[in-house]
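Coordinates from structure22.cif are shown below (mmCIF, C-alpha atoms and all ligand atoms).
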```cif
data_target
#
loop_
_atom_site.label_atom_id
_atom_site.label_comp_id
_atom_site.auth_asym_id
_atom_site.auth_seq_id
_atom_site.Cartn_x
_atom_site.Cartn_y
_atom_site.Cartn_z
CA VAL A 1 26.80 -35.63 1.12
CA LEU A 2 26.94 -35.91 4.88
CA GLN A 3 29.72 -37.68 6.70
CA PRO A 4 28.47 -40.53 8.90
CA PRO A 5 27.77 -39.44 12.50
CA PRO A 6 30.79 -39.81 14.85
CA ALA A 7 28.69 -41.58 17.48
CA THR A 8 25.76 -43.93 18.02
CA VAL A 9 22.98 -43.29 20.52
CA GLY A 10 23.39 -45.44 23.63
CA THR A 11 27.17 -45.81 23.48
CA SER A 12 29.65 -44.37 25.97
CA VAL A 13 31.22 -40.95 25.34
CA ALA A 14 34.56 -42.79 25.26
CA GLU A 15 33.50 -44.28 21.92
CA VAL A 16 32.67 -40.97 20.19
CA ASP A 17 35.03 -40.42 17.27
CA THR A 18 36.86 -37.09 17.21
CA PRO A 19 36.77 -34.25 16.48
CA ALA A 20 33.10 -34.16 17.50
CA LEU A 21 30.66 -31.35 18.29
CA VAL A 22 29.37 -32.32 21.71
CA VAL A 23 26.39 -30.85 23.58
CA ASP A 24 26.02 -31.32 27.33
CA LEU A 25 22.26 -31.84 27.21
CA ASP A 26 21.62 -31.10 30.89
CA ALA A 27 23.44 -27.74 30.68
CA TYR A 28 21.73 -26.95 27.36
CA GLU A 29 18.27 -27.63 28.80
CA ARG A 30 19.00 -25.49 31.85
CA ASN A 31 20.06 -22.66 29.53
CA LEU A 32 16.80 -22.94 27.57
CA ASP A 33 14.79 -22.93 30.80
CA ARG A 34 16.64 -19.90 32.20
CA MET A 35 16.12 -17.70 29.14
CA ALA A 36 12.47 -18.78 28.90
CA ALA A 37 12.08 -17.64 32.52
CA VAL A 38 13.79 -14.27 31.82
CA ALA A 39 11.37 -13.58 28.94
CA ALA A 40 8.32 -14.80 30.84
CA ALA A 41 9.14 -12.73 33.93
CA ALA A 42 9.48 -9.58 31.79
CA GLY A 43 6.39 -10.36 29.72
CA VAL A 44 8.26 -10.34 26.41
CA ALA A 45 8.17 -12.94 23.66
CA LEU A 46 11.14 -15.16 22.90
CA ARG A 47 12.18 -15.70 19.27
CA PRO A 48 15.60 -17.37 19.59
CA HIS A 49 18.11 -17.00 16.79
CA ALA A 50 18.85 -20.19 14.84
CA LYS A 51 21.91 -18.85 12.98
CA MET A 52 23.87 -20.12 15.96
CA HIS A 53 22.58 -23.71 16.20
CA LYS A 54 21.26 -24.28 12.65
CA SER A 55 18.96 -27.04 13.87
CA PRO A 56 15.18 -27.45 13.76
CA SER A 57 15.49 -29.81 16.78
CA VAL A 58 16.90 -26.99 18.91
CA THR A 59 14.21 -24.54 17.74
CA LEU A 60 11.51 -27.11 18.57
CA ASP A 61 13.02 -27.51 22.07
CA GLN A 62 12.80 -23.70 22.44
CA VAL A 63 9.23 -23.61 21.12
CA ALA A 64 8.30 -26.34 23.62
CA ARG A 65 9.40 -23.85 26.33
CA GLY A 66 7.21 -21.06 24.98
CA ALA A 67 9.24 -19.48 22.17
CA VAL A 68 7.03 -17.95 19.46
CA GLY A 69 9.29 -19.12 16.62
CA ALA A 70 12.82 -18.53 15.39
CA CYS A 71 15.03 -15.93 13.77
CA VAL A 72 17.44 -16.76 10.97
CA GLN A 73 19.77 -14.67 8.80
CA LYS A 74 19.34 -16.55 5.52
CA VAL A 75 16.44 -17.78 3.39
CA ALA A 76 18.10 -21.20 3.17
CA GLU A 77 18.12 -21.43 6.99
CA ALA A 78 14.41 -20.55 7.02
CA GLU A 79 13.75 -23.31 4.47
CA VAL A 80 15.51 -25.89 6.65
CA LEU A 81 13.59 -24.85 9.78
CA VAL A 82 10.21 -24.92 8.02
CA ARG A 83 10.99 -28.34 6.53
CA GLY A 84 11.83 -29.43 10.09
CA GLY A 85 8.42 -28.38 11.42
CA VAL A 86 8.98 -24.78 12.60
CA GLU A 87 5.86 -22.72 11.88
CA ASP A 88 7.01 -19.12 12.40
CA VAL A 89 10.34 -17.77 11.15
CA LEU A 90 11.67 -14.21 10.98
CA VAL A 91 14.60 -13.53 8.67
CA SER A 92 16.13 -10.89 10.94
CA ASN A 93 18.07 -9.56 8.00
CA GLU A 94 17.69 -7.95 4.59
CA VAL A 95 17.04 -10.31 1.67
CA VAL A 96 18.20 -9.00 -1.71
CA GLY A 97 17.98 -10.54 -5.19
CA ARG A 98 15.14 -12.06 -7.21
CA THR A 99 16.03 -15.72 -6.50
CA LYS A 100 16.05 -15.32 -2.74
CA VAL A 101 12.99 -13.08 -2.57
CA ASP A 102 11.04 -15.63 -4.66
CA ARG A 103 12.10 -18.50 -2.40
CA LEU A 104 11.08 -16.51 0.66
CA ALA A 105 7.61 -15.82 -0.77
CA ALA A 106 7.22 -19.47 -1.77
CA LEU A 107 8.14 -20.51 1.77
CA ALA A 108 5.35 -18.30 3.14
CA GLN A 109 2.88 -20.79 1.63
CA HIS A 110 4.03 -23.23 4.34
CA ALA A 111 4.75 -21.09 7.42
CA ARG A 112 4.41 -17.61 8.88
CA ILE A 113 7.38 -15.72 7.45
CA GLY A 114 8.79 -12.32 8.39
CA VAL A 115 11.68 -10.32 6.95
CA CYS A 116 13.48 -7.02 7.52
CA VAL A 117 13.87 -4.08 5.14
CA ASP A 118 15.93 -0.90 5.18
CA ASP A 119 15.28 0.27 1.61
CA ALA A 120 12.21 1.12 -0.49
CA ALA A 121 13.50 -1.02 -3.38
CA GLN A 122 13.20 -4.07 -1.14
CA VAL A 123 9.64 -3.20 -0.19
CA ALA A 124 8.72 -3.21 -3.88
CA ALA A 125 10.56 -6.49 -4.60
CA LEU A 126 8.98 -8.29 -1.61
CA SER A 127 5.52 -6.97 -2.50
CA THR A 128 5.78 -8.20 -6.10
CA ALA A 129 6.90 -11.67 -4.98
CA ALA A 130 4.24 -11.91 -2.27
CA VAL A 131 1.48 -11.06 -4.74
CA GLU A 132 2.85 -13.53 -7.33
CA HIS A 133 2.89 -16.33 -4.75
CA GLY A 134 -0.43 -15.36 -3.19
CA VAL A 135 1.05 -14.93 0.30
CA GLU A 136 1.43 -12.29 2.96
CA LEU A 137 4.93 -11.46 4.22
CA ARG A 138 5.35 -9.78 7.59
CA VAL A 139 7.87 -6.97 7.24
CA LEU A 140 9.83 -5.27 10.01
CA VAL A 141 11.63 -2.02 9.29
CA GLU A 142 15.15 -2.44 10.59
CA VAL A 143 16.47 0.54 12.53
CA ASP A 144 20.19 1.08 13.14
CA VAL A 145 20.27 1.50 16.89
CA GLY A 146 24.04 1.84 17.16
CA ALA A 147 25.60 -1.28 15.67
CA GLY A 148 26.38 0.51 12.41
CA ARG A 149 25.48 -2.45 10.22
CA CYS A 150 22.13 -2.68 8.41
CA GLY A 151 19.10 -0.56 9.23
CA VAL A 152 17.57 2.83 8.57
CA VAL A 153 18.80 5.82 10.58
CA PRO A 154 16.24 6.40 13.37
CA GLY A 155 13.75 9.16 12.62
CA PRO A 156 11.52 10.22 9.71
CA ASP A 157 13.13 7.79 7.21
CA VAL A 158 11.77 4.90 9.30
CA VAL A 159 8.27 6.36 9.12
CA ARG A 160 8.49 6.79 5.34
CA LEU A 161 9.57 3.19 4.86
CA ALA A 162 6.95 1.87 7.29
CA ALA A 163 4.25 3.76 5.37
CA GLN A 164 5.47 2.17 2.12
CA VAL A 165 5.30 -1.31 3.70
CA SER A 166 1.88 -0.60 5.11
CA SER A 167 0.44 0.31 1.72
CA ALA A 168 2.25 -2.39 -0.31
CA PRO A 169 0.08 -5.29 -1.54
CA GLY A 170 1.04 -8.64 -0.03
CA LEU A 171 2.96 -7.09 2.87
CA LEU A 172 1.93 -6.67 6.49
CA LEU A 173 3.71 -4.02 8.56
CA GLY A 174 4.97 -6.09 11.49
CA GLY A 175 6.85 -3.36 13.36
CA LEU A 176 10.52 -2.67 13.95
CA GLN A 177 13.77 -4.51 14.43
CA GLY A 178 16.49 -2.87 16.49
CA TYR A 179 19.40 -5.21 17.19
CA HIS A 180 22.50 -3.80 18.85
CA GLY A 181 25.05 -6.43 17.81
CA THR A 182 28.16 -4.65 19.03
CA ALA A 183 26.67 -4.13 22.50
CA GLN A 184 26.62 -7.88 23.14
CA HIS A 185 30.33 -8.24 23.79
CA LEU A 186 31.06 -4.99 25.61
CA ARG A 187 32.82 -6.41 28.61
CA THR A 188 31.33 -4.55 31.57
CA HIS A 189 27.66 -4.60 32.55
CA GLU A 190 27.78 -0.80 32.75
CA GLU A 191 28.90 -0.44 29.11
CA ARG A 192 26.25 -2.88 27.92
CA ALA A 193 23.54 -1.13 29.93
CA ALA A 194 24.54 2.26 28.48
CA ALA A 195 24.48 0.90 24.90
CA VAL A 196 21.05 -0.68 25.45
CA ALA A 197 19.68 2.51 27.04
CA SER A 198 20.79 4.50 24.00
CA ALA A 199 19.29 1.93 21.58
CA ALA A 200 16.05 1.89 23.56
CA GLU A 201 15.80 5.68 23.45
CA LEU A 202 16.30 5.71 19.66
CA LEU A 203 13.55 3.09 19.26
CA ARG A 204 11.22 4.89 21.64
CA ALA A 205 11.62 8.17 19.71
CA THR A 206 10.93 6.28 16.49
CA THR A 207 7.77 4.65 17.83
CA ARG A 208 6.50 8.11 18.85
CA LEU A 209 6.86 9.18 15.21
CA LEU A 210 5.00 6.04 14.09
CA ASP A 211 2.23 6.87 16.58
CA GLU A 212 1.92 10.37 15.11
CA ALA A 213 1.69 8.88 11.62
CA GLY A 214 -0.90 6.32 12.75
CA LEU A 215 1.32 3.37 11.76
CA PRO A 216 1.25 0.20 13.86
CA TYR A 217 4.29 -1.57 15.33
CA PRO A 218 2.93 -4.69 17.02
CA VAL A 219 6.44 -6.15 17.33
CA VAL A 220 9.72 -4.49 18.26
CA SER A 221 12.28 -7.26 17.90
CA GLY A 222 15.91 -7.25 19.06
CA GLY A 223 18.26 -8.18 21.84
CA GLY A 224 21.04 -10.70 22.20
CA THR A 225 22.60 -13.02 24.74
CA GLY A 226 24.97 -10.39 26.17
CA THR A 227 22.24 -7.87 26.92
CA ALA A 228 19.11 -10.03 27.31
CA ASP A 229 18.66 -9.24 31.00
CA ILE A 230 18.71 -5.51 30.20
CA ASP A 231 16.70 -5.72 26.93
CA ALA A 232 13.94 -7.74 28.57
CA THR A 233 13.04 -5.00 31.04
CA ALA A 234 13.80 -1.92 28.90
CA GLY A 235 10.11 -1.59 28.04
CA VAL A 236 10.73 -1.18 24.30
CA TRP A 237 11.43 -4.60 22.90
CA THR A 238 8.46 -6.95 22.72
CA GLU A 239 10.53 -9.87 21.46
CA LEU A 240 14.04 -11.19 22.20
CA GLN A 241 16.22 -12.60 19.40
CA VAL A 242 18.82 -14.26 21.64
CA GLY A 243 20.90 -17.01 20.08
CA SER A 244 24.15 -18.00 21.79
CA TYR A 245 22.64 -18.53 25.25
CA ALA A 246 21.64 -22.09 24.36
CA PHE A 247 25.29 -23.21 23.95
CA MET A 248 27.59 -20.28 24.91
CA ASP A 249 31.28 -19.85 24.05
CA ALA A 250 34.62 -18.68 25.46
CA ASP A 251 34.11 -15.14 24.19
CA TYR A 252 30.75 -14.69 25.95
CA ALA A 253 32.37 -16.14 29.09
CA ARG A 254 34.62 -13.04 29.13
CA ASN A 255 31.60 -10.70 29.68
CA LEU A 256 31.43 -9.33 33.21
CA ASP A 257 28.35 -9.03 35.39
CA ARG A 258 27.23 -6.14 37.64
CA ASP A 259 29.60 -7.36 40.37
CA GLY A 260 32.61 -7.41 38.02
CA ALA A 261 32.81 -11.21 37.98
CA PRO A 262 32.29 -13.19 34.75
CA VAL A 263 28.61 -13.61 33.86
CA HIS A 264 27.52 -17.12 34.72
CA THR A 265 23.79 -17.00 33.95
CA TYR A 266 24.21 -19.45 31.09
CA GLU A 267 26.43 -22.53 31.20
CA GLN A 268 28.92 -23.75 28.65
CA ALA A 269 26.99 -26.52 26.89
CA LEU A 270 28.92 -26.81 23.61
CA PHE A 271 32.31 -28.43 23.23
CA VAL A 272 34.57 -29.81 20.57
CA LEU A 273 35.81 -33.19 21.74
CA ALA A 274 39.36 -33.78 20.54
CA THR A 275 42.03 -36.47 20.87
CA VAL A 276 45.72 -35.97 21.63
CA MET A 277 47.32 -37.31 18.43
CA SER A 278 50.93 -36.43 19.22
CA ALA A 279 52.86 -35.87 22.43
CA ALA A 280 56.33 -36.29 21.03
CA ARG A 281 57.80 -33.12 22.50
CA PRO A 282 57.96 -32.35 26.23
CA GLY A 283 55.55 -29.61 27.35
CA VAL A 284 53.52 -29.84 24.15
CA ALA A 285 50.52 -31.90 23.06
CA VAL A 286 48.80 -31.81 19.68
CA VAL A 287 45.07 -32.46 19.27
CA ASP A 288 43.14 -33.41 16.15
CA ALA A 289 40.94 -30.26 16.12
CA GLY A 290 42.31 -27.22 14.30
CA LEU A 291 40.87 -24.48 12.09
CA LYS A 292 38.57 -26.91 10.27
CA ALA A 293 36.88 -27.80 13.56
CA LEU A 294 36.97 -24.51 15.47
CA ALA A 295 36.31 -20.88 14.60
CA VAL A 296 39.04 -18.65 16.03
CA ASP A 297 37.73 -15.20 15.00
CA SER A 298 36.82 -14.46 18.65
CA GLY A 299 39.91 -16.04 20.15
CA LEU A 300 41.40 -19.52 20.45
CA PRO A 301 39.45 -22.29 22.17
CA GLN A 302 39.99 -23.09 25.82
CA VAL A 303 40.78 -26.50 27.24
CA HIS A 304 37.93 -27.37 29.58
CA GLY A 305 38.78 -28.48 33.11
CA ARG A 306 42.57 -28.62 32.54
CA PRO A 307 44.21 -25.64 34.26
CA GLY A 308 47.74 -25.08 32.99
CA VAL A 309 46.97 -26.58 29.58
CA GLY A 310 46.42 -23.92 26.90
CA TYR A 311 45.43 -24.16 23.25
CA VAL A 312 48.06 -21.86 21.74
CA ALA A 313 48.01 -22.40 17.97
CA ALA A 314 45.61 -23.73 15.35
CA SER A 315 46.51 -25.01 11.91
CA ASP A 316 44.17 -26.72 9.44
CA GLU A 317 43.82 -30.04 11.23
CA HIS A 318 45.99 -29.61 14.34
CA GLY A 319 45.69 -27.74 17.58
CA THR A 320 48.86 -27.17 19.60
CA LEU A 321 48.57 -27.25 23.39
CA ALA A 322 51.21 -25.79 25.67
CA VAL A 323 51.58 -27.29 29.13
CA ALA A 324 52.70 -25.12 32.04
CA ALA A 325 55.64 -26.24 34.19
CA GLY A 326 54.58 -28.61 36.96
CA VAL A 327 51.28 -29.52 35.26
CA ASP A 328 50.60 -33.08 34.08
CA ALA A 329 50.83 -33.08 30.31
CA PRO A 330 48.02 -34.66 28.30
CA ARG A 331 49.12 -38.05 26.96
CA LEU A 332 48.80 -39.63 23.56
CA GLY A 333 45.19 -40.78 23.11
CA ASP A 334 43.80 -38.54 25.87
CA ARG A 335 40.48 -36.94 25.01
CA LEU A 336 39.91 -33.29 25.85
CA LEU A 337 36.89 -31.00 25.71
CA LEU A 338 37.57 -27.67 24.00
CA VAL A 339 35.38 -24.61 24.55
CA PRO A 340 35.04 -22.81 21.19
CA GLY A 341 35.87 -19.09 21.05
CA HIS A 342 32.75 -18.40 18.94
CA CYS A 343 29.88 -20.88 18.88
CA ASP A 344 28.06 -19.89 15.65
CA PRO A 345 30.80 -20.48 13.05
CA THR A 346 32.13 -23.48 15.01
CA VAL A 347 28.77 -25.26 14.77
CA ASP A 348 28.74 -24.59 11.01
CA ARG A 349 31.91 -26.68 10.62
CA PHE A 350 30.17 -29.93 11.66
CA ASP A 351 27.53 -32.20 10.14
CA TRP A 352 26.42 -33.68 13.47
CA TYR A 353 25.76 -32.81 17.07
CA VAL A 354 26.47 -35.48 19.65
CA GLY A 355 24.16 -34.92 22.62
CA VAL A 356 25.60 -36.33 25.83
CA ARG A 357 24.03 -37.04 29.22
CA SER A 358 25.61 -38.84 32.17
CA GLY A 359 28.57 -40.03 30.11
CA ARG A 360 26.47 -41.58 27.36
CA VAL A 361 25.42 -40.51 23.89
CA ASP A 362 21.76 -39.58 24.27
CA ALA A 363 21.06 -37.95 20.89
CA VAL A 364 22.63 -37.43 17.50
CA TRP A 365 21.19 -34.46 15.56
CA PRO A 366 22.20 -33.25 12.12
CA VAL A 367 23.43 -29.66 11.88
CA ALA A 368 20.64 -29.48 9.33
CA ALA A 369 21.25 -25.92 8.12
CA ARG A 370 25.03 -26.31 7.92
CA GLY A 371 26.26 -24.26 4.97
CA ALA A 372 22.76 -22.77 4.41
CA MET A 373 24.13 -19.35 3.45
CA HIS A 374 21.95 -18.55 0.43
C1 LIG B 401 23.23 -13.03 15.93
C2 LIG B 401 22.01 -12.23 16.07
C3 LIG B 401 21.25 -12.34 17.25
C4 LIG B 401 21.63 -13.23 18.41
O1 LIG B 401 22.83 -12.88 18.99
P1 LIG B 401 23.51 -13.73 20.17
O2 LIG B 401 24.63 -12.90 20.56
O3 LIG B 401 23.95 -15.03 19.58
O4 LIG B 401 22.48 -13.93 21.22
C5 LIG B 401 20.07 -11.60 17.30
N1 LIG B 401 19.67 -10.82 16.28
C6 LIG B 401 20.38 -10.69 15.14
C7 LIG B 401 19.88 -9.81 14.06
C8 LIG B 401 21.58 -11.39 15.01
O5 LIG B 401 22.30 -11.25 13.88
#
```

Take the structure I supplied and represent it as structure tokens, if you would.
Amino acid sequence: VLQPPPATVGTSVAEVDTPALVVDLDAYERNLDRMAAVAAAAGVALRPHAKMHKSPSVTLDQVARGAVGACVQKVAEAEVLVRGGVEDVLVSNEVVGRTKVDRLAALAQHARIGVCVDDAAQVAALSTAAVEHGVELRVLVEVDVGAGRCGVVPGPDVVRLAAQVSSAPGLLLGGLQGYHGTAQHLRTHEERAAAVASAAELLRATTRLLDEAGLPYPVVSGGGTGTADIDATAGVWTELQVGSYAFMDADYARNLDRDGAPVHTYEQALFVLATVMSAARPGVAVVDAGLKALAVDSGLPQVHGRPGVGYVAASDEHGTLAVAAGVDAPRLGDRLLLVPGHCDPTVDRFDWYVGVRSGRVDAVWPVAARGAMH
């Protein structure tokens, strides 16, 4: 059961109830345009990740700018996107268990569906389900290129698994996935470039083995917001899986560019709008957005446009702000924009996006795949 939206299209931002998940639509659209231009200039496809935004509307905005489809992590997210009109979805993740594999195959009757594997048992399970449902699933062999999460160790094991996919009924060998998750938040450009170079070399060596075995790899999918500029021109990836760039967060804002200054390619477009609900103590203000409104795994939120005012502690439904000496303290009823530390899990705490342009509510979108973790 959804909560009613906190805003109505056409009203002033001043009337939006808080806490609210607010998108600056102009900044968001510029972000989409910029990444589309990065991919187009490098001649690689864009398949933005929807685990961050969980919204078919956002994916359709990305597709309108040339994206080939979306990535998701969960079958339930794929179901929501397909229901919302998205025609091509890659589950950039392993899917394990009869129930999920069946749902994935059933979904392939309605859209082009891809999935990753790193184990022969999964090839067999996906093949059985694809045959039962009369569909073809596109399968990418996931290669661990340094993140140390899922994926086959680069080398002959990848070739063995790719050969199994290629001969399995109902499956189409789509190529490889190599996503270097931990490289995204390495702070200096140099560190990120080194991590990407190493991942690219592992993938290149693996594709040479596939060539020798006569196995095709039409797609090599990977990349993220932190390394997209490097991934795009590495000459290995044919498809970028970037997610956070559409909205950004305080943690990505800590990445540094070649010149040592914070990266500013993508703008902060996502905020949690909060109200000061208590200002009873001097030097302190309390807002109505705490842990239930903001993910703090990548650091506390930042108070946008209020130097000297810091979000210093989060409890369930309260955020405590400390005010530096000599700075005007926020007053009871003041409304503040908070920049989330980590956009993905923050979005998943809300039922609605409030899209804002020129001080007015321009759009209200459901976070349609909120809680879609199955
Ligand atoms: C999260 C994720 C991405 C996107 O990462 P961002 O940092 O949000 O751009 C891409 N691929 C996979 C497999 C992911 O899990």

Residues at most 9 Å from ligand LIG 401 (chain B), using all atoms listed in the file? Could they come as a PDB file with C-alpha atoms, in the coordinates of the input?
```
ATOM      1  CA  PRO A  48      15.600 -17.370  19.590  1.00  0.00           C
ATOM      2  CA  HIS A  49      18.110 -17.000  16.790  1.00  0.00           C
ATOM      3  CA  ALA A  50      18.850 -20.190  14.840  1.00  0.00           C
ATOM      4  CA  LYS A  51      21.910 -18.850  12.980  1.00  0.00           C
ATOM      5  CA  MET A  52      23.870 -20.120  15.960  1.00  0.00           C
ATOM      6  CA  CYS A  71      15.030 -15.930  13.770  1.00  0.00           C
ATOM      7  CA  VAL A  72      17.440 -16.760  10.970  1.00  0.00           C
ATOM      8  CA  GLN A  73      19.770 -14.670   8.800  1.00  0.00           C
ATOM      9  CA  VAL A  91      14.600 -13.530   8.670  1.00  0.00           C
ATOM     10  CA  SER A  92      16.130 -10.890  10.940  1.00  0.00           C
ATOM     11  CA  ASN A  93      18.070  -9.560   8.000  1.00  0.00           C
ATOM     12  CA  GLN A 177      13.770  -4.510  14.430  1.00  0.00           C
ATOM     13  CA  GLY A 178      16.490  -2.870  16.490  1.00  0.00           C
ATOM     14  CA  TYR A 179      19.400  -5.210  17.190  1.00  0.00           C
ATOM     15  CA  HIS A 180      22.500  -3.800  18.850  1.00  0.00           C
ATOM     16  CA  GLY A 181      25.050  -6.430  17.810  1.00  0.00           C
ATOM     17  CA  GLN A 184      26.620  -7.880  23.140  1.00  0.00           C
ATOM     18  CA  HIS A 185      30.330  -8.240  23.790  1.00  0.00           C
ATOM     19  CA  SER A 221      12.280  -7.260  17.900  1.00  0.00           C
ATOM     20  CA  GLY A 222      15.910  -7.250  19.060  1.00  0.00           C
ATOM     21  CA  GLY A 223      18.260  -8.180  21.840  1.00  0.00           C
ATOM     22  CA  GLY A 224      21.040 -10.700  22.200  1.00  0.00           C
ATOM     23  CA  THR A 225      22.600 -13.020  24.740  1.00  0.00           C
ATOM     24  CA  GLY A 226      24.970 -10.390  26.170  1.00  0.00           C
ATOM     25  CA  THR A 227      22.240  -7.870  26.920  1.00  0.00           C
ATOM     26  CA  ALA A 228      19.110 -10.030  27.310  1.00  0.00           C
ATOM     27  CA  LEU A 240      14.040 -11.190  22.200  1.00  0.00           C
ATOM     28  CA  GLN A 241      16.220 -12.600  19.400  1.00  0.00           C
ATOM     29  CA  VAL A 242      18.820 -14.260  21.640  1.00  0.00           C
ATOM     30  CA  GLY A 243      20.900 -17.010  20.080  1.00  0.00           C
ATOM     31  CA  SER A 244      24.150 -18.000  21.790  1.00  0.00           C
ATOM     32  CA  TYR A 245      22.640 -18.530  25.250  1.00  0.00           C
ATOM     33  CA  ALA A 246      21.640 -22.090  24.360  1.00  0.00           C
ATOM     34  CA  MET A 248      27.590 -20.280  24.910  1.00  0.00           C
ATOM     35  CA  TYR A 252      30.750 -14.690  25.950  1.00  0.00           C
ATOM     36  CA  CYS A 343      29.880 -20.880  18.880  1.00  0.00           C
ATOM     37  CA  ASP A 344      28.060 -19.890  15.650  1.00  0.00           C
TER      38      ASP A 344
END
```

The residue from A:Gly146, A:Gly371, A:Pro307, A:Gly66 with the smallest atom-to-atom distance to Ala37 (chain A), counting all atoms listed in the file, is A:Gly66

Give me the residues near Glu201 (chain A) as a PDB file with C-alpha atoms, keeping the file's coordinate frame, where near means some atom within 12 Å (using only C-alpha atoms) and where sequence neighbours in that chain fewer than 3 positions away do not count.
```
ATOM      1  CA  VAL A 145      20.270   1.500  16.890  1.00  0.00           C
ATOM      2  CA  GLY A 146      24.040   1.840  17.160  1.00  0.00           C
ATOM      3  CA  PRO A 154      16.240   6.400  13.370  1.00  0.00           C
ATOM      4  CA  GLY A 155      13.750   9.160  12.620  1.00  0.00           C
ATOM      5  CA  GLY A 178      16.490  -2.870  16.490  1.00  0.00           C
ATOM      6  CA  ALA A 194      24.540   2.260  28.480  1.00  0.00           C
ATOM      7  CA  ALA A 195      24.480   0.900  24.900  1.00  0.00           C
ATOM      8  CA  VAL A 196      21.050  -0.680  25.450  1.00  0.00           C
ATOM      9  CA  ALA A 197      19.680   2.510  27.040  1.00  0.00           C
ATOM     10  CA  SER A 198      20.790   4.500  24.000  1.00  0.00           C
ATOM     11  CA  ARG A 204      11.220   4.890  21.640  1.00  0.00           C
ATOM     12  CA  ALA A 205      11.620   8.170  19.710  1.00  0.00           C
ATOM     13  CA  THR A 206      10.930   6.280  16.490  1.00  0.00           C
ATOM     14  CA  THR A 207       7.770   4.650  17.830  1.00  0.00           C
ATOM     15  CA  ARG A 208       6.500   8.110  18.850  1.00  0.00           C
ATOM     16  CA  ASP A 231      16.700  -5.720  26.930  1.00  0.00           C
ATOM     17  CA  ALA A 234      13.800  -1.920  28.900  1.00  0.00           C
ATOM     18  CA  GLY A 235      10.110  -1.590  28.040  1.00  0.00           C
ATOM     19  CA  VAL A 236      10.730  -1.180  24.300  1.00  0.00           C
ATOM     20  CA  TRP A 237      11.430  -4.600  22.900  1.00  0.00           C
TER      21      TRP A 237
END
```

CA of Gly170 (chain A) sits from CA of Val82 (chain A) at a separation of 20.3 Å

Which value, in Å to one decimal, gives the distance between CA of His189 (chain A) and CA of Gln268 (chain A)?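 Separating CA of His189 (chain A) from CA of Gln268 (chain A) is a distance of 19.6 Å.
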
Box in all listed atoms of region 95-106 of chain A, axis-aligned, with 5 Å more on each side; write out centre and edge lengths in Å to one decimal as JSON.
```
{"center_x": 12.7, "center_y": -14.2, "center_z": -2.8, "size_x": 21.0, "size_y": 20.5, "size_z": 18.9}
```

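Proximity of A:Val139, A:Glu132, A:His374, A:Asp61 to Leu25 (chain A), computed with only C-alpha atoms, is greatest for A:Asp61.
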
If you count all atoms listed in the file, which residues fall within 8 Å of Val286 (chain A), apart from same-chain ones fewer than 3 positions away, as a compact mmCIF listing (two decimals) with C-alpha atoms, in the coordinates of the input?
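Contents of selection15.txt, freshly written:
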```
# COMPACT_ATOMS: atom_id res chain seq x y z
CA VAL A 276 45.72 -35.97 21.63
CA MET A 277 47.32 -37.31 18.43
CA SER A 278 50.93 -36.43 19.22
CA ALA A 279 52.86 -35.87 22.43
CA HIS A 318 45.99 -29.61 14.34
CA GLY A 319 45.69 -27.74 17.58
CA THR A 320 48.86 -27.17 19.60
CA LEU A 321 48.57 -27.25 23.39
```

Contacts of region 209-217 of chain A at 6 Å (only C-alpha atoms; same-chain gap of 5+ positions) as an MDAnalysis selection string: chainID A and resid 159 174:175

Within 12 Å of region 294-301 of chain A: each region 5-117 of chain A residue with its shortest pair, all atoms listed in the file, as a tab-separated table:
```
residue	atom	partner	partner_atom	distance
A:Pro19	CA	A:Leu294	CA	9.8
A:Ala20	CA	A:Leu294	CA	10.6
A:Leu21	CA	A:Leu294	CA	9.7
```

For CA of Lys74 (chain A) and CA of Ala372 (chain A), the interatomic separation in Å (one decimal):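 Taking CA of Lys74 (chain A) as the start and CA of Ala372 (chain A) as the end point, the length is 7.2 Å.
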
With only C-alpha atoms as the atoms that count, which of A:Glu191, A:Ala67, A:Ala129, A:Leu203 lies nearest to Ala168 (chain A)?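 Looking only at the distances to Ala168 (chain A), the closest residue turns out to be A:Ala129.
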
Counting only C-alpha atoms, figure out which residue out of A:Ala111, A:Leu32, A:Ala7, A:Ala200 gets nearest to Ala269 (chain A). A:Leu32

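Take the candidates A:Gln109, A:Asn255, A:Ser315, A:Ser57 and check each one against His133 (chain A) using all atoms listed in the file; the shortest distance goes to A:Gln109.
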
Can you tell me which residues surround Lys54 (chain A) at a distance of at most 8 Å, considering all atoms listed in the file, apart from same-chain residues fewer than 6 positions away, and format the answer as a CSV table (one decimal) with C-alpha atoms, in the frame of the given file?
```csv
chain,number,residue,atom,x,y,z
A,77,GLU,CA,18.1,-21.4,7.0
A,347,VAL,CA,28.8,-25.3,14.8
A,348,ASP,CA,28.7,-24.6,11.0
A,367,VAL,CA,23.4,-29.7,11.9
A,368,ALA,CA,20.6,-29.5,9.3
A,369,ALA,CA,21.2,-25.9,8.1
A,370,ARG,CA,25.0,-26.3,7.9
```

Could you pull the residues within 9 Å of Trp365 (chain A), counting all atoms listed in the file, minus those fewer than 2 positions along the same chain, as a ChimeraX atom specification? /A:5,55,57,351-355,363,367-368

Among listed residues A:Val303, A:Ala329, A:Val22, A:Leu140, nearest Val272 (chain A) (using all atoms listed in the file):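 That would be A:Val22, the residue with the smallest distance to Val272 (chain A).
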
Pull the neighbourhood of (33.6, -8.4, 35.8) for me: all residues within 12 Å in file coordinates, counting all atoms listed in the file, as a list in words.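 The residues near that point, listed by chain and number, are Leu186, Arg187, Thr188, His189, Glu190, Glu191, Ala253, Arg254, Asn255, Leu256, Asp257, Arg258, Asp259, Gly260, Ala261, Pro262, Val263 and His264 of chain A.
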